[in-house]
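Here the structure comes first, spelled out in structure tokens, and everything after it is commentary.
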Amino acid sequence: MRNRLRQLITTLAIASAPVALSAQGMNPIAGDPLNTTSGKLAGTALGSGVNAYLGIPYAAPPVGDLRWAAPQPMKWNGVWNADRKGAECMQVLRPHDINHYFGEEASGENCLFMNIWTPAGAKPGAKLPVIVFIYGGGYTIGSSGMPNYGGEAVAKSGAIFVNFNYRVGALGFLAHPELSKEQGGHSGNYGTMDQTAALKWVHDNIAQFGGDPDKVVISGQSAGARSVATQIFTPEARGLFKAAMMSSGCNFRSATVGLSEAEQIGVKFQQRLGAADLAAMRNMPADKIVGAQAENQLGLSVSGVRVAGPIIDGKVLPKPLPEMMAEGNFAKVPIIASFNEDDMSFGFGALTKASTVAEYTAAANTMYGANAAEFLKLYPAKTDADVWKVARRAAQDAGFANNARGCAIDEAKAGVPTFIDLYSRKHPYVPGVKIADQNTATIGAYHTADIPYWFGTQDTYNSLRPTRNWTEWDRTLSKQMMGALIAMAETGSPNTAAMPWAQWSAKNETMLVLGDKVAPEKFNLAGQAWLAANPPKVAAPDPATGRPRD
């Protein structure tokens with residue numbers, strides 16, 4: 001009976017484990033443990049030959065009095081076995097039928113963990129290039145544990161790959177008058193400070209893994225891209241990276257919430273919790289904090305208090321980004337400004353969901369009134385087949401493309417190079433596959449579609465069930481994009497023999513299109529100028545706002 005019970009428990013444990021994970025014990029790495037500023041560290045060798053150091057605590061657990069406090073250094077005695085990823089930071093959990101579900105992850109406030117993948121045989125002093133990735137998710141969701149953000153393929157290509165967790169939602173970005181009084185006149189930005197602490201840990205320790213602290217490129221997607229922009233401007237991060245890549249997208253000109261407004265949001269949050277004071281808020285269970293937040297991702301529509309992301313607090317971000325840019329007060333590192341053809345289309349939902357010329361024309365008339373004829377002349381759709389591409393190009397010319405070019409113009413004034421790309425490759429879906437948050441028949445190069453190409457993680461999308469039929473071109477494009485990112489870390493330029501990429505300039509108003517082929521394409525300057533001068537009279541919401549932004 002006892003043996004049968006033991007067998008049943010084992011069977012249930014295997015059945016409940018995420019299918020995406022293979023059963024593998026810790027395989028010691030020759031030369032471990034490594035000496036880090038936190039303590040001795042041992043990783044595990046993967047079957048591919050790549051070495052992985054998973055679940056490294058780069059900062060002390062942000063619990064108790066450290067809830068809503070700057071990250072503190074982490075020290076340990078003995079050897080830390082870094083053979084499994086740590087818990088994701090507190091957030092709502094994912095439905096199992098969406099595009100970005102790869103198996104359930106543990107969640108908790110003790111979540112400031114880092115993962116590092118190194119090439120086989122990498123040794124201290126090898127001075128390898130380093131790619132660091134910061135996840136997106138609208139500052140309320142996201143995890144470094146998601147396999148599509150893994151670094152094994154990048155490490156197999158000869159670079160070191162790093163990702164890490166940072167606090168999200170109210171636990172990561174709550175400002176409050178009591179917190180400001182406690183913390184010298186500023187509060188909020190805890191998730192941003194986590195990111196800087198992780199970059200500092202990488203700078204101080206990556207040489208032990210074979211990396212070069214002077215060859216670090218930081219990358220991020222969506223809110224991760226905005227996080228990269230924030231790191232470019234926060235004084236504490238100066239000197240911690242050589243270059244930056246922002247996917248969906250680069251924007252140095254958008255408005256950012258100030259401390260006073262953010263503090264008032266914090267007071268509303270306290271009232272929603274029914275907490276008497278800061279001490280009571282720190283004593284509340286973390287799930288109640290998450291439950292009080294507004295959330296419109298993952299198919300949810302939760303009414304709550306929307307806590308801002310990074311704020312102008314006078315310290316982490318001393319001033320609005322445009323002011324700091326004008327003053328030259330930012331990290332002058334080369335950047336990649338990247339966006340996708342079917343990216344978020346803020347304010348252009350009526351156009352991008354049109355499927356016929358009649359619907360497209362009606363949407364233009366609603367949005368632009370008497371100016372609709374001018375718009376339709378710049379963005380004509382002669383047939384129903386034209387509508388999808390033309391509508392999305394207009395949405396991107398008004399949004400991500402315009403922002404990317406704005407970044408290039410601002411950087412050029414300081415003599416800093418910018419490289420711009422438009423990712424347009426549609427994933428080759430398995431015919432008839434159903435994904436809850438995508439219409440695979442009509443979706444294009446959606447928000448985050450480029451990420452598995454940059455990192456070579458395409459197969460993770462088939463880990464639980466077949467969803468893509470990747471082709472030889474998809475693999476080739478991924479290798480070229482990975483090569484460009486590694487070159488960015490190595491040299492400060494993504495230009496390679498396999499994928500030539502010219503720097504943007506006023507004389508070379510082009511972006512590199514990464515799609516069914518790779519080729520430069522000129523910006524639609526006339527269209528962008530008209531759209532900037534003629535904002536829609538009636539802005540329609542993006543029909544994809546319920547999608548995860550990670």
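By order in the structure tokens, chains are A, B, ...; within a chain, residues start at 1; ligands start at 1, following the order shown.
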Please provide as a VMD selection string all residues within 10 Å of Gly210 in chain A, with the sequence filter that same-chain residues fewer than 2 positions apart are discarded (counting only C-alpha atoms). chain A and resid 118 to 119 121 to 130 159 to 160 205 to 208 212 to 213
- Can you tell me, as a PyMOL selection string, what residues are no more than 12 Å from Ser248 in chain A when counting only C-alpha atoms, ignoring any on the same chain fewer than 2 positions away? chain A and resi 135-138+219-229+245-246+250-251+336-345+396+399-404+420-423+445-451+549-550
- Task: For Gly191 in chain A, please output as a ChimeraX atom specification all residues within 8 Å (counting only C-alpha atoms; exclusion window: fewer than 4 positions along the same chain).
- Result: /A:166-168,172-173,195
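Interatomic distance, CA of Asn115 in chain A to CA of Gly86 in chain A: 8.8 Å.
Atom pair CA of Pro73 in chain A / CA of Gln270 in chain A has a distance of 28.4 Å (rounded to one decimal).
Residues of range 320-421 of chain A assigned to strand (DSSP E or B) by DSSP on this structure's backbone: Ile335, Ile336, Ala337, Ser338, Phe339, Asn340, Asp342, Phe348, Thr418, Phe419, Ile420 and Asp421 of chain A.
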Keeping C-alpha atoms for every residue in the selection just given, could you write it to a file as a compact mmCIF listing (two decimals), in the first residue's frame?
# COMPACT_ATOMS: atom_id res chain seq x y z
CA ILE A 335 20.71 52.69 -29.49
CA ILE A 336 18.50 50.43 -31.59
CA ALA A 337 14.93 51.74 -31.89
CA SER A 338 12.75 48.82 -32.98
CA PHE A 339 9.02 48.46 -33.60
CA ASN A 340 6.62 45.99 -35.23
CA ASP A 342 1.20 45.23 -36.24
CA PHE A 348 -6.20 54.04 -34.54
CA THR A 418 20.74 55.37 -33.69
CA PHE A 419 19.76 52.31 -35.72
CA ILE A 420 16.07 51.81 -36.54
CA ASP A 421 14.23 48.67 -37.59
What's around Arg475 in chain A at 10 Å? Count only C-alpha atoms, leave out sequence neighbours fewer than 5 positions away in its own chain, and write the answer as an MDAnalysis selection string.
chainID A and resid 453 456 458 470 480:481
Store the residues of this selection in a file with N, CA and C atoms, as an mmCIF file, in the first residue's frame.
data_model
loop_
_atom_site.group_PDB
_atom_site.id
_atom_site.type_symbol
_atom_site.label_atom_id
_atom_site.label_comp_id
_atom_site.auth_asym_id
_atom_site.auth_seq_id
_atom_site.Cartn_x
_atom_site.Cartn_y
_atom_site.Cartn_z
ATOM 1 N N TYR A 453 12.779 35.984 -32.189
ATOM 2 C CA TYR A 453 13.809 36.086 -33.231
ATOM 3 C C TYR A 453 15.086 36.697 -32.653
ATOM 4 N N GLY A 456 16.301 33.758 -30.275
ATOM 5 C CA GLY A 456 16.342 32.364 -30.722
ATOM 6 C C GLY A 456 15.489 31.429 -29.883
ATOM 7 N N GLN A 458 12.261 30.518 -30.500
ATOM 8 C CA GLN A 458 11.061 30.183 -31.268
ATOM 9 C C GLN A 458 10.413 28.877 -30.812
ATOM 10 N N TRP A 470 7.758 26.660 -37.844
ATOM 11 C CA TRP A 470 8.892 27.519 -38.180
ATOM 12 C C TRP A 470 9.586 27.031 -39.440
ATOM 13 N N GLN A 480 20.351 36.048 -37.795
ATOM 14 C CA GLN A 480 20.846 37.367 -38.207
ATOM 15 C C GLN A 480 20.522 38.432 -37.155
ATOM 16 N N MET A 481 19.329 38.378 -36.590
ATOM 17 C CA MET A 481 18.951 39.360 -35.573
ATOM 18 C C MET A 481 19.754 39.160 -34.293
#
* To do: Taking the chain letters and numbering used in this document, name the residues of range 98-298 of chain A that DSSP puts in alpha helix (DSSP H), as a ChimeraX atom specification.
  => /A:152-156,169-173,177-182,190-205,223-233,259-273,278-283,286-291
Could the residues in this selection be saved with C-alpha atoms as a short mmCIF file (atom, residue, chain, number, x, y, z; two decimals), in the first residue's frame?
data_model
loop_
_atom_site.label_atom_id
_atom_site.label_comp_id
_atom_site.auth_asym_id
_atom_site.auth_seq_id
_atom_site.Cartn_x
_atom_site.Cartn_y
_atom_site.Cartn_z
CA GLU A 152 20.40 29.46 -24.12
CA ALA A 153 20.42 30.20 -27.86
CA VAL A 154 22.24 33.52 -27.40
CA ALA A 155 24.86 31.76 -25.25
CA LYS A 156 25.28 29.09 -27.94
CA GLY A 169 2.39 47.02 -10.11
CA ALA A 170 1.78 48.79 -6.83
CA LEU A 171 4.56 46.81 -5.14
CA GLY A 172 7.00 48.21 -7.69
CA PHE A 173 5.87 51.76 -8.35
CA PRO A 177 3.42 60.98 1.04
CA GLU A 178 4.40 58.76 3.99
CA LEU A 179 6.93 56.93 1.83
CA SER A 180 8.37 60.23 0.57
CA LYS A 181 8.73 61.46 4.15
CA GLU A 182 10.45 58.21 5.12
CA TYR A 190 11.16 50.74 -6.74
CA GLY A 191 10.96 48.57 -9.86
CA THR A 192 13.27 51.00 -11.65
CA MET A 193 15.72 50.87 -8.74
CA ASP A 194 15.58 47.05 -8.91
CA GLN A 195 16.61 47.26 -12.56
CA THR A 196 19.54 49.54 -11.75
CA ALA A 197 20.60 47.26 -8.88
CA ALA A 198 20.58 44.29 -11.27
CA LEU A 199 22.70 46.20 -13.81
CA LYS A 200 25.12 47.15 -11.03
CA TRP A 201 25.36 43.47 -9.99
CA VAL A 202 26.09 42.52 -13.60
CA HIS A 203 28.73 45.24 -13.92
CA ASP A 204 30.47 44.13 -10.72
CA ASN A 205 30.32 40.38 -11.33
CA ALA A 223 7.41 48.54 -20.75
CA GLY A 224 10.86 46.95 -20.83
CA ALA A 225 11.79 49.36 -23.62
CA ARG A 226 10.54 52.25 -21.53
CA SER A 227 12.58 50.80 -18.68
CA VAL A 228 15.67 50.87 -20.88
CA ALA A 229 14.93 54.52 -21.69
CA THR A 230 14.61 55.21 -17.96
CA GLN A 231 17.98 53.57 -17.31
CA ILE A 232 19.50 55.78 -20.01
CA PHE A 233 18.38 58.82 -18.01
CA LEU A 259 5.85 62.91 -7.73
CA SER A 260 2.91 64.97 -6.43
CA GLU A 261 0.42 63.34 -8.79
CA ALA A 262 1.87 59.89 -8.09
CA GLU A 263 1.60 60.46 -4.33
CA GLN A 264 -2.10 61.27 -4.71
CA ILE A 265 -2.57 58.04 -6.64
CA GLY A 266 -0.86 56.34 -3.69
CA VAL A 267 -3.33 57.92 -1.26
CA LYS A 268 -6.23 56.63 -3.39
CA PHE A 269 -4.62 53.20 -3.32
CA GLN A 270 -4.40 53.32 0.49
CA GLN A 271 -8.07 54.27 0.66
CA ARG A 272 -9.04 51.39 -1.62
CA LEU A 273 -7.15 49.02 0.67
CA LEU A 278 1.81 52.90 5.80
CA ALA A 279 2.46 50.36 8.55
CA ALA A 280 -0.94 48.78 7.92
CA MET A 281 -0.23 48.66 4.19
CA ARG A 282 3.07 46.89 4.82
CA ASN A 283 1.30 44.33 6.99
CA ALA A 286 0.55 40.77 -1.03
CA ASP A 287 -2.44 39.31 -2.89
CA LYS A 288 -4.62 42.11 -1.49
CA ILE A 289 -2.18 44.65 -2.91
CA VAL A 290 -2.42 43.01 -6.34
CA GLY A 291 -6.21 42.78 -6.03
#
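Ranking A:Ala441, A:Ala363, A:Ala414, A:Ala489 by their shortest atom-to-atom distance to His427 in chain A, with only C-alpha atoms included, puts A:Ala441 first.
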task: Excluding Ala394 in chain A and any residue of its chain fewer than 4 positions from it, enumerate the residues within 7 Å of it, using only C-alpha atoms, and give them as a ChimeraX atom specification.
output: /A:379,390,398
Taking only C-alpha atoms into account, produce a table as JSON lines in which each residue of range 157-190 of chain A with an atom at most 7 Å from an atom of range 95-114 of chain A appears once, together with its shortest atom pair and the distance in Å to one decimal, ordered by chain and rising number.
{"residue": "A:Asn163", "atom": "CA", "partner": "A:Met114", "partner_atom": "CA", "distance": 5.8}
{"residue": "A:Phe164", "atom": "CA", "partner": "A:Met114", "partner_atom": "CA", "distance": 4.1}
{"residue": "A:Asn165", "atom": "CA", "partner": "A:Leu112", "partner_atom": "CA", "distance": 5.4}
{"residue": "A:Tyr166", "atom": "CA", "partner": "A:Leu112", "partner_atom": "CA", "distance": 6.1}
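What separates CA of Asn77 in chain A from CA of Gly39 in chain A is a distance of 6.4 Å.
Distance annotation: of A:Ala395, A:Ile116, A:Met488, A:Ala326, the residue with the minimal separation from Lys353 in chain A is A:Ala395; atom set is only C-alpha atoms.
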List as a PyMOL selection string the protein and nucleic acid residues near Gly309 in chain A, meaning an atom at most 7 Å away when only C-alpha atoms are counted, but skip any in the same chain fewer than 2 places from it.
chain A and resi 139+173+307+311
Between A:Leu514, A:Cys407, A:Asn508, A:Gln503, smallest distance to Lys426 in chain A by only C-alpha atoms belongs to A:Leu514
Report as a Markdown table: every residue of range 268-371 of chain A with an atom at most 12 Å from range 520-533 of chain A, its closest pair of atoms, and their distance in Å to one decimal, counting only C-alpha atoms, with rows sorted by chain and ascending residue number.
| residue | atom | partner | partner_atom | distance |
| --- | --- | --- | --- | --- |
| A:Gly347 | CA | A:Leu531 | CA | 11.9 |
| A:Phe348 | CA | A:Leu531 | CA | 11.5 |
| A:Met367 | CA | A:Leu531 | CA | 11.6 |
| A:Tyr368 | CA | A:Leu531 | CA | 10.2 |
| A:Asn371 | CA | A:Trp530 | CA | 10.4 |
Output of the above residues as an mmCIF file, in the first residue's frame, restricted to C-alpha atoms:
data_model
loop_
_atom_site.group_PDB
_atom_site.id
_atom_site.type_symbol
_atom_site.label_atom_id
_atom_site.label_comp_id
_atom_site.auth_asym_id
_atom_site.auth_seq_id
_atom_site.Cartn_x
_atom_site.Cartn_y
_atom_site.Cartn_z
ATOM 1 C CA GLY A 347 -6.014 55.822 -31.163
ATOM 2 C CA PHE A 348 -6.202 54.041 -34.538
ATOM 3 C CA MET A 367 -11.435 60.258 -37.241
ATOM 4 C CA TYR A 368 -10.514 63.166 -39.519
ATOM 5 C CA ASN A 371 -9.469 66.346 -43.431
#
